[in-house]
>>> print(open('run-v4.cif').read())   # mmCIF, C-alpha atoms
data_input
loop_
_atom_site.group_PDB
_atom_site.id
_atom_site.type_symbol
_atom_site.label_atom_id
_atom_site.label_comp_id
_atom_site.auth_asym_id
_atom_site.auth_seq_id
_atom_site.Cartn_x
_atom_site.Cartn_y
_atom_site.Cartn_z
ATOM 1 C CA MET A 257 0.000 0.000 0.000
ATOM 2 C CA GLN A 258 1.323 3.448 -0.921
ATOM 3 C CA THR A 259 1.592 6.168 1.644
ATOM 4 C CA ASN A 260 0.476 9.657 0.756
ATOM 5 C CA ASN A 261 4.078 10.808 0.179
ATOM 6 C CA GLU A 262 4.857 7.885 -2.133
ATOM 7 C CA HIS A 263 1.706 8.546 -4.121
ATOM 8 C CA THR A 264 2.534 12.256 -4.411
ATOM 9 C CA ALA A 265 6.095 11.509 -5.533
ATOM 10 C CA ALA A 266 4.925 8.943 -8.094
ATOM 11 C CA GLY A 267 2.405 11.369 -9.595
ATOM 12 C CA ALA A 268 4.672 14.413 -9.420
ATOM 13 C CA SER A 269 5.714 16.273 -12.515
ATOM 14 C CA ARG A 270 8.994 18.066 -13.125
ATOM 15 C CA GLU A 271 9.477 21.382 -14.862
ATOM 16 C CA LEU A 272 12.645 21.423 -16.958
ATOM 17 C CA LEU A 273 14.568 23.899 -19.046
ATOM 18 C CA THR A 274 15.548 22.019 -22.196
ATOM 19 C CA PHE A 275 18.636 22.868 -24.228
ATOM 20 C CA THR A 276 20.676 21.380 -27.027
ATOM 21 C CA LEU A 277 24.251 20.168 -27.141
ATOM 22 C CA GLY A 278 25.112 18.914 -30.602
ATOM 23 C CA SER A 279 22.196 16.825 -31.829
ATOM 24 C CA GLU A 280 20.982 15.877 -28.338
ATOM 25 C CA GLU A 281 18.417 17.583 -26.145
ATOM 26 C CA TYR A 282 19.031 17.862 -22.399
ATOM 27 C CA GLY A 283 16.843 18.961 -19.532
ATOM 28 C CA ILE A 284 17.700 20.481 -16.158
ATOM 29 C CA ASP A 285 15.561 21.472 -13.187
ATOM 30 C CA ILE A 286 14.106 24.914 -13.965
ATOM 31 C CA LEU A 287 14.516 25.934 -10.309
ATOM 32 C CA LYS A 288 18.324 25.846 -10.729
ATOM 33 C CA VAL A 289 18.205 28.401 -13.578
ATOM 34 C CA GLN A 290 18.800 32.034 -12.666
ATOM 35 C CA GLU A 291 18.842 33.523 -16.173
ATOM 36 C CA ILE A 292 19.740 32.895 -19.813
ATOM 37 C CA ARG A 293 22.180 35.170 -21.644
ATOM 38 C CA GLY A 294 23.650 35.349 -25.100
ATOM 39 C CA TYR A 295 27.230 34.128 -25.323
ATOM 40 C CA GLU A 296 29.800 36.878 -24.819
ATOM 41 C CA ALA A 297 33.558 36.905 -24.474
ATOM 42 C CA VAL A 298 34.903 35.612 -21.181
ATOM 43 C CA THR A 299 38.064 36.407 -19.241
ATOM 44 C CA THR A 300 40.235 33.320 -19.486
ATOM 45 C CA ILE A 301 41.929 31.852 -16.443
ATOM 46 C CA ALA A 302 45.496 30.562 -16.839
ATOM 47 C CA ASN A 303 45.981 26.818 -16.330
ATOM 48 C CA ALA A 304 42.237 26.119 -16.143
ATOM 49 C CA PRO A 305 40.972 22.911 -17.755
ATOM 50 C CA ASP A 306 39.764 23.400 -21.334
ATOM 51 C CA PHE A 307 36.073 23.003 -20.393
ATOM 52 C CA ILE A 308 36.276 26.064 -18.116
ATOM 53 C CA LYS A 309 36.042 28.871 -20.657
ATOM 54 C CA GLY A 310 36.801 31.547 -18.064
ATOM 55 C CA VAL A 311 34.795 33.965 -15.959
ATOM 56 C CA ILE A 312 32.321 36.780 -16.550
ATOM 57 C CA ASN A 313 31.313 39.674 -14.321
ATOM 58 C CA LEU A 314 27.583 39.411 -13.754
ATOM 59 C CA ARG A 315 26.415 42.535 -11.939
ATOM 60 C CA GLY A 316 29.441 42.451 -9.637
ATOM 61 C CA ILE A 317 29.553 38.661 -9.176
ATOM 62 C CA ILE A 318 32.436 36.740 -10.766
ATOM 63 C CA VAL A 319 30.838 33.746 -12.495
ATOM 64 C CA PRO A 320 32.862 30.802 -13.820
ATOM 65 C CA VAL A 321 31.687 29.622 -17.253
ATOM 66 C CA VAL A 322 31.783 25.947 -18.262
ATOM 67 C CA ASP A 323 31.401 24.861 -21.895
ATOM 68 C CA MET A 324 29.255 21.739 -21.692
ATOM 69 C CA ARG A 325 30.185 20.615 -25.237
ATOM 70 C CA ILE A 326 33.817 20.391 -24.165
ATOM 71 C CA LYS A 327 32.932 18.866 -20.766
ATOM 72 C CA PHE A 328 30.877 16.110 -22.430
ATOM 73 C CA LYS A 329 33.421 15.676 -25.298
ATOM 74 C CA LEU A 330 30.856 16.426 -28.002
ATOM 75 C CA GLY A 331 33.218 17.349 -30.827
ATOM 76 C CA SER A 332 34.075 20.705 -32.315
ATOM 77 C CA VAL A 333 32.865 23.859 -30.616
ATOM 78 C CA THR A 334 31.569 26.832 -32.555
ATOM 79 C CA TYR A 335 30.003 29.948 -31.091
ATOM 80 C CA ASP A 336 27.191 31.549 -33.066
ATOM 81 C CA GLU A 337 24.033 33.588 -32.533
ATOM 82 C CA THR A 338 22.179 30.632 -30.976
ATOM 83 C CA THR A 339 24.928 29.858 -28.417
ATOM 84 C CA VAL A 340 23.784 30.848 -24.943
ATOM 85 C CA VAL A 341 25.023 30.837 -21.372
ATOM 86 C CA ILE A 342 22.598 29.458 -18.805
ATOM 87 C CA ILE A 343 23.323 31.068 -15.444
ATOM 88 C CA LEU A 344 22.705 28.507 -12.708
ATOM 89 C CA ASN A 345 22.410 28.746 -8.970
ATOM 90 C CA VAL A 346 23.655 25.410 -7.596
ATOM 91 C CA ALA A 347 25.006 24.585 -4.147
ATOM 92 C CA ASP A 348 24.934 28.290 -3.179
ATOM 93 C CA ARG A 349 27.174 29.164 -6.147
ATOM 94 C CA VAL A 350 26.482 30.957 -9.389
ATOM 95 C CA VAL A 351 27.895 29.165 -12.433
ATOM 96 C CA GLY A 352 27.418 29.697 -16.159
ATOM 97 C CA MET A 353 27.170 26.876 -18.670
ATOM 98 C CA VAL A 354 27.571 27.317 -22.415
ATOM 99 C CA VAL A 355 25.122 25.328 -24.553
ATOM 100 C CA ASP A 356 24.252 25.325 -28.255
ATOM 101 C CA GLY A 357 20.781 26.719 -27.672
ATOM 102 C CA VAL A 358 17.787 26.730 -25.361
ATOM 103 C CA SER A 359 14.702 24.861 -26.547
ATOM 104 C CA ASP A 360 11.883 25.566 -24.099
ATOM 105 C CA VAL A 361 10.443 24.850 -20.681
ATOM 106 C CA THR A 362 8.874 21.399 -20.553
ATOM 107 C CA THR A 363 6.870 19.632 -17.879
ATOM 108 C CA LEU A 364 7.400 15.884 -17.616
ATOM 109 C CA LYS A 365 5.075 13.634 -15.649
ATOM 110 C CA ALA A 366 6.636 10.831 -13.607
ATOM 111 C CA ASP A 367 5.508 8.205 -16.137
ATOM 112 C CA GLU A 368 7.334 10.071 -18.932
ATOM 113 C CA ILE A 369 10.707 9.674 -17.158
ATOM 114 C CA LYS A 370 12.676 6.443 -17.435
ATOM 115 C CA PRO A 371 15.815 5.587 -15.437
ATOM 116 C CA ALA A 372 19.188 6.166 -17.091
ATOM 117 C CA PRO A 373 20.394 2.939 -18.716
ATOM 118 C CA GLU A 374 23.459 1.171 -17.328
ATOM 119 C CA PHE A 375 26.301 1.061 -19.837
ATOM 120 C CA GLY A 376 28.990 -0.481 -17.635
ATOM 121 C CA ALA A 377 32.417 1.067 -17.167
ATOM 122 C CA GLY A 378 32.614 2.448 -20.716
ATOM 123 C CA LEU A 379 30.181 5.329 -20.203
ATOM 124 C CA ASP A 380 29.772 7.493 -17.134
ATOM 125 C CA VAL A 381 26.084 8.061 -16.383
ATOM 126 C CA LYS A 382 26.490 9.386 -12.823
ATOM 127 C CA TYR A 383 25.336 12.865 -13.927
ATOM 128 C CA LEU A 384 22.137 11.562 -15.553
ATOM 129 C CA GLN A 385 18.826 11.372 -13.730
ATOM 130 C CA GLY A 386 17.042 9.559 -16.513
ATOM 131 C CA LEU A 387 15.525 9.938 -19.940
ATOM 132 C CA GLY A 388 12.326 11.816 -20.632
ATOM 133 C CA THR A 389 10.032 11.400 -23.613
ATOM 134 C CA VAL A 390 7.753 14.087 -24.982
ATOM 135 C CA ASP A 391 5.951 13.123 -28.200
ATOM 136 C CA GLU A 392 8.828 11.885 -30.409
ATOM 137 C CA ARG A 393 11.548 13.772 -28.494
ATOM 138 C CA MET A 394 14.017 12.103 -26.141
ATOM 139 C CA ILE A 395 15.352 14.407 -23.411
ATOM 140 C CA ILE A 396 18.437 13.496 -21.403
ATOM 141 C CA LEU A 397 17.827 14.593 -17.816
ATOM 142 C CA ALA A 398 21.057 15.941 -16.342
ATOM 143 C CA ASP A 399 21.669 16.126 -12.601
ATOM 144 C CA ILE A 400 23.109 19.628 -12.834
ATOM 145 C CA GLU A 401 23.682 19.926 -9.083
ATOM 146 C CA LYS A 402 25.773 16.728 -9.018
ATOM 147 C CA LEU A 403 27.661 17.743 -12.167
ATOM 148 C CA MET A 404 28.496 21.261 -10.998
ATOM 149 C CA THR A 405 29.612 20.064 -7.558
ATOM 150 C CA SER A 406 31.696 17.135 -8.888
ATOM 151 C CA ARG A 407 35.388 16.739 -8.125
ATOM 152 C CA ASP A 408 36.688 18.196 -11.403
ATOM 153 C CA MET A 409 34.427 21.220 -10.956
ATOM 154 C CA GLU A 410 36.265 22.054 -7.725
ATOM 155 C CA LEU A 411 38.647 23.727 -10.139
ATOM 156 C CA ILE A 412 35.950 26.360 -10.649
ATOM 157 C CA GLU A 413 36.353 27.346 -7.005
ATOM 158 C CA ALA A 414 40.099 27.703 -7.519
ATOM 159 C CA ALA A 415 39.476 29.922 -10.566
ATOM 160 C CA GLU A 416 37.042 32.076 -8.581
ATOM 161 C CA GLU A 417 39.521 32.461 -5.745
ATOM 162 C CA MET A 418 42.336 33.416 -8.148
ATOM 163 C CA ASN A 419 40.143 36.103 -9.671
ATOM 164 C CA ALA A 420 38.830 37.496 -6.356
#
>>> encode(input="run-v4.cif", output="structure tokens")
Amino acid sequence: MQTNNEHTAAGASRELLTFTLGSEEYGIDILKVQEIRGYEAVTTIANAPDFIKGVINLRGIIVPVVDMRIKFKLGSVTYDETTVVIILNVADRVVGMVVDGVSDVTTLKADEIKPAPEFGAGLDVKYLQGLGTVDERMIILADIEKLMTSRDMELIEAAEEMNA
């Protein structure tokens, strides 16, 4: 028998901001999004990993910017008029992430979300929450909090401290 909380969780829906990286569509929790900006030049940080593009000054706050195409090893990176920076608020930090474009805000019901498949040691799925389906679209649900607080992202903190 389901308790009230289990029933609520099972019937819950999630509101996601969807964006594209290459030919794939990703979704992140809309509550983590602070704003969406067009891509602009960043101040590079010496010795930072290649996926950390640099930092921007956002109304007096120094914000590290991560290029998700480089982070996820999705091939060549080009910046054009559709390239945007999604400003996130995760783990009490403001971080920017560069994506190819923003699609829309989508609501997925619990039954439209499937668990992330297990691929074994060859593919790291620890930053995926699952796969969502809307009509004919497949949306990869990214755990943006886990990704932005992961061990290699600790380098963002070092970049912020160097620039402070």
>>> resolve_selection(input="run-v4.cif", expression="the PyMOL selection byres ((chain A and resi 267-273) around 6)", output="mmCIF file with C-alpha atoms, in the frame of the given file")
data_model
loop_
_atom_site.group_PDB
_atom_site.id
_atom_site.type_symbol
_atom_site.label_atom_id
_atom_site.label_comp_id
_atom_site.auth_asym_id
_atom_site.auth_seq_id
_atom_site.Cartn_x
_atom_site.Cartn_y
_atom_site.Cartn_z
ATOM 1 C CA THR A 264 2.534 12.256 -4.411
ATOM 2 C CA ALA A 265 6.095 11.509 -5.533
ATOM 3 C CA ALA A 266 4.925 8.943 -8.094
ATOM 4 C CA THR A 274 15.548 22.019 -22.196
ATOM 5 C CA GLY A 283 16.843 18.961 -19.532
ATOM 6 C CA ILE A 284 17.700 20.481 -16.158
ATOM 7 C CA ASP A 285 15.561 21.472 -13.187
ATOM 8 C CA ILE A 286 14.106 24.914 -13.965
ATOM 9 C CA ASP A 360 11.883 25.566 -24.099
ATOM 10 C CA VAL A 361 10.443 24.850 -20.681
ATOM 11 C CA THR A 362 8.874 21.399 -20.553
ATOM 12 C CA THR A 363 6.870 19.632 -17.879
ATOM 13 C CA LEU A 364 7.400 15.884 -17.616
ATOM 14 C CA LYS A 365 5.075 13.634 -15.649
ATOM 15 C CA ALA A 366 6.636 10.831 -13.607
#
>>> residues_around(input="run-v4.cif", residues="Leu344 of chain A", least_positions_apart="6", cutoff="8 Å", atoms="all atoms listed in the file", output="ChimeraX atom specification")
/A:288-291,350-353
>>> atom_distance(input="run-v4.cif", atom1="atom CA of Leu314 of chain A", atom2="atom CA of Met404 of chain A")
18.4 Å
>>> resolve_selection(input="run-v4.cif", expression="the PyMOL selection byres ((chain A and resi 388) around 6)", output="PyMOL selection string")
chain A and resi 368-369+387+389+394-395
>>> write_last_selection(input="run-v4.cif", atoms="C-alpha atoms", output="CSV table (one decimal), keeping the file's coordinate frame")
chain,number,residue,atom,x,y,z
A,368,GLU,CA,7.3,10.1,-18.9
A,369,ILE,CA,10.7,9.7,-17.2
A,387,LEU,CA,15.5,9.9,-19.9
A,389,THR,CA,10.0,11.4,-23.6
A,394,MET,CA,14.0,12.1,-26.1
A,395,ILE,CA,15.4,14.4,-23.4
>>> residues_around(input="run-v4.cif", residues="Lys309 of chain A", least_positions_apart="5", cutoff="8 Å", atoms="only C-alpha atoms", output="PyMOL selection string")
chain A and resi 298-301+320-323
>>> closest_residue(input="run-v4.cif", among="A:Ala398, A:Pro371, A:Arg325, A:Asn313", to="Leu384 of chain A", atoms="only C-alpha atoms")
A:Ala398
>>> atom_distance(input="run-v4.cif", atom1="atom CA of Tyr383 of chain A", atom2="atom CA of Leu403 of chain A")
5.7 Å
>>> atom_distance(input="run-v4.cif", atom1="atom CA of Asp356 of chain A", atom2="atom CA of Leu277 of chain A")
5.3 Å
>>> resolve_selection(input="run-v4.cif", expression="the PyMOL selection byres ((chain A and resi 340) around 12)", output="PyMOL selection string")
chain A and resi 275-277+291-297+321-324+334-339+341-343+352-359
>>> closest_residue(input="run-v4.cif", among="A:Arg349, A:Ala304, A:Val381, A:Ser332", to="Ile318 of chain A", atoms="all atoms listed in the file")
A:Arg349
>>> axis_aligned_box(input="run-v4.cif", around="segment 362-373 of chain A", padding_each_side="4 Å", output="lines of an AutoDock Vina configuration file")
center_x = 12.7
center_y = 12.2
center_z = -17.1
size_x = 23.3
size_y = 26.5
size_z = 14.9
>>> closest_residue(input="run-v4.cif", among="A:Leu330, A:Glu281, A:Ala347, A:Pro373", to="Val390 of chain A", atoms="all atoms listed in the file")
A:Glu281
